[in-house]
Amino acid sequence: MKPIVRPPDLRRRALILSLALLPALSVPLLPTSAPAQTATTEAPLPSWNDGPAKQAIIDFVRATTERSSPNYVPPEERIATFDQDGTLWVEKPMYTQIIYCLDRVPAVVAKRPELKNVEPFKTVLSGNREAIAKLPMHDLEKVLVATLTGMTVEEFKAEASKWLETARHPRWKRPYTELTYQPMHDVLRYLRANAYKTYIVTGGGQDFVRVYAEKVYGIPPEQVIGTASGTKYSYGKDGKPTLVKDPRLLLNDNNAGKVEGIHLMIGRRPYAAFGNSTGDRQMLEWTGAGAGPRLKMLVLHDDATREYAYGPATGLPDSKVGTFTQALYDEAKKKGWTVISMKNDWKRIFAFD
């Protein structure tokens, strides 16, 4: 059999290392529609409690969109960027795309039965959580390569869409796309109602997020920036042109890569940026370095009852998934970034609450 080739630079370190925390292979999800973007007379941000975080958003929008304001920003410059995992939807117990990759292993092995007794596929097929957690990084990379590359872009979209139709989160037993944060939908709607263009800037796979972003968040695929692998132009058996996904890493859209991706894909510095972890720090730094008012916000997961609690900022449990360090918290306070407390600032977490 042909050996599995490790990609030259397929390494989103935090993403892959956090596989060690995976509690189980998921069961399959059903996409849900984003809130309708219709005119409304309701007060802005209805899912938010009154407080400094909510007021910071309202004050920012007024300052940048009222023509009489000295900080007025022309509509064409109104850019807002959002991390996804942990900022727009649940990232615990594991990043959704990683769960997708592990769930795809049986299908990959069915097409390539010679992999059945080859590691790491043998271990993943066993369903042994402890054994999967101990797989070394180079083995985990093989899983990513096998499940995210080697197919046409159309085949990948179809496979991901099918998985999203049936996969369920192990805690809520609901589709992953229902586990989006209603307060952040409020923000997306409020910003777009004020002529802001909203982008997802994620360390997750760009092609994966593009499958559902428009239906779930109202953000079209061309406004999704993520970790991107290469594609190769080719021809199918029918002679029609196609694009095949390959393991070449084009953009590692995490940490400083987020800023690089924003420059590459948008060409404008954001006026607002939202994140939740150390992987978003440079994006907020870059946003804050611009002239005029800039909104920089970080979601702190401090609600173990309604969602999860992890940091380790402010004494919360440490986490390799969505790490929010005390150093990041201190930097936010020093630079005037707004830290959003899930527990205190959000009236509700999900639409079904």
# chains A, B, ... in the order shown; residues from 1 in each chain; ligands from 1

$ residues_around --residues "A:Gly292" --least-positions-apart "2" --cutoff "7 Å" --atoms "only C-alpha atoms" --output "VMD selection string"
chain A and resid 71 290 294

$ residues_around --residues "A:Val224" --least-positions-apart "3" --cutoff "12 Å" --atoms "only C-alpha atoms" --output "ChimeraX atom specification"
/A:80-84,197-214,217-221,227-228,253,258,261-262,265-266

$ atom_distance --atom1 "atom CA of A:Met151" --atom2 "atom CA of A:His169"
26.3 Å

$ select_by_dssp --residues "stretch 37-271 of chain A" --states "strand (DSSP E or B)" --output "number ranges by chain"
A: 48, 79-82, 85, 89, 152, 168, 180, 197-205, 224-235, 241-251

$ write_last_selection --atoms "C-alpha atoms" --output "PDB file, in the first residue's frame"
ATOM      1  CA  TRP A  48     -27.864  40.877  26.568  1.00  0.00           C
ATOM      2  CA  ILE A  79     -15.563  45.840   8.888  1.00  0.00           C
ATOM      3  CA  ALA A  80     -16.208  43.518  11.842  1.00  0.00           C
ATOM      4  CA  THR A  81     -14.430  40.204  12.336  1.00  0.00           C
ATOM      5  CA  PHE A  82     -15.497  37.264  14.488  1.00  0.00           C
ATOM      6  CA  ASP A  85     -15.105  28.403  17.899  1.00  0.00           C
ATOM      7  CA  TRP A  89     -20.691  28.644  18.874  1.00  0.00           C
ATOM      8  CA  THR A 152     -12.945  17.298  -4.969  1.00  0.00           C
ATOM      9  CA  ARG A 168     -25.469  15.718  17.569  1.00  0.00           C
ATOM     10  CA  THR A 180     -24.667  29.082  18.355  1.00  0.00           C
ATOM     11  CA  LYS A 197     -19.831  43.884   6.879  1.00  0.00           C
ATOM     12  CA  THR A 198     -19.311  40.836   9.102  1.00  0.00           C
ATOM     13  CA  TYR A 199     -16.553  38.278   8.570  1.00  0.00           C
ATOM     14  CA  ILE A 200     -15.680  34.999  10.252  1.00  0.00           C
ATOM     15  CA  VAL A 201     -11.930  34.751  10.886  1.00  0.00           C
ATOM     16  CA  THR A 202     -11.282  31.298  12.299  1.00  0.00           C
ATOM     17  CA  GLY A 203      -8.457  28.886  12.926  1.00  0.00           C
ATOM     18  CA  GLY A 204     -10.830  26.170  11.745  1.00  0.00           C
ATOM     19  CA  GLY A 205     -10.899  24.883   8.202  1.00  0.00           C
ATOM     20  CA  VAL A 224     -15.220  33.344   5.734  1.00  0.00           C
ATOM     21  CA  ILE A 225     -11.464  33.342   6.329  1.00  0.00           C
ATOM     22  CA  GLY A 226     -10.009  30.186   7.834  1.00  0.00           C
ATOM     23  CA  THR A 227      -7.109  27.799   7.788  1.00  0.00           C
ATOM     24  CA  ALA A 228      -6.848  26.890   4.131  1.00  0.00           C
ATOM     25  CA  SER A 229      -5.241  23.995   2.320  1.00  0.00           C
ATOM     26  CA  GLY A 230      -4.350  23.951  -1.338  1.00  0.00           C
ATOM     27  CA  THR A 231      -6.366  22.738  -4.288  1.00  0.00           C
ATOM     28  CA  LYS A 232      -5.269  21.318  -7.595  1.00  0.00           C
ATOM     29  CA  TYR A 233      -7.023  22.032 -10.864  1.00  0.00           C
ATOM     30  CA  SER A 234      -7.799  18.800 -12.661  1.00  0.00           C
ATOM     31  CA  TYR A 235     -10.363  17.009 -14.840  1.00  0.00           C
ATOM     32  CA  PRO A 241     -12.759  20.633 -14.791  1.00  0.00           C
ATOM     33  CA  THR A 242     -12.609  20.177 -11.045  1.00  0.00           C
ATOM     34  CA  LEU A 243     -10.638  21.188  -7.979  1.00  0.00           C
ATOM     35  CA  VAL A 244      -9.106  18.503  -5.762  1.00  0.00           C
ATOM     36  CA  LYS A 245      -8.176  19.330  -2.153  1.00  0.00           C
ATOM     37  CA  ASP A 246      -4.552  18.600  -1.283  1.00  0.00           C
ATOM     38  CA  PRO A 247      -2.509  18.865   1.945  1.00  0.00           C
ATOM     39  CA  ARG A 248      -0.513  21.972   1.043  1.00  0.00           C
ATOM     40  CA  LEU A 249      -1.058  24.549   3.778  1.00  0.00           C
ATOM     41  CA  LEU A 250      -1.827  27.951   2.292  1.00  0.00           C
ATOM     42  CA  LEU A 251      -2.869  29.820   5.441  1.00  0.00           C
TER      43      LEU A 251
END

$ select_by_dssp --residues "stretch 101-341 of chain A" --states "alpha helix (DSSP H)" --output "PyMOL selection string"
chain A and resi 101-111+121-126+129-133+137-148+153-166+182-193+206-210+213-217+256-265+281-288+326-335

$ atom_distance --atom1 "atom CA of A:Gln282" --atom2 "atom CA of A:Gly257"
8.5 Å

$ closest_residue --among "A:Asn194, A:Ser161, A:Asn49, A:Gln223" --to "A:Ala63" --atoms "only C-alpha atoms"
A:Asn194

$ atom_distance --atom1 "atom CA of A:Ala313" --atom2 "atom CA of A:Gln55"
23.3 Å

$ residues_around --residues "A:Ile57" --least-positions-apart "2" --cutoff "10 Å" --atoms "only C-alpha atoms" --output "list of chain:residue names"
A:Pro44, A:Leu45, A:Pro52, A:Ala53, A:Lys54, A:Gln55, A:Asp59, A:Phe60, A:Val61, A:Arg62, A:Ala63, A:Val187, A:Tyr190, A:Leu191, A:Ala272, A:Leu295, A:Lys296, A:Met297, A:Thr338

$ residues_around --residues "A:Ala160" --least-positions-apart "2" --cutoff "8 Å" --atoms "only C-alpha atoms" --output "ChimeraX atom specification"
/A:100,156-158,162-164,208,211

$ closest_residue --among "A:Gly267, A:Gly288, A:Gly279, A:Pro120" --to "A:Leu135" --atoms "only C-alpha atoms"
A:Pro120

$ closest_residue --among "A:Asn254, A:Thr147, A:Gln326, A:Gln182" --to "A:Pro312" --atoms "only C-alpha atoms"
A:Gln326
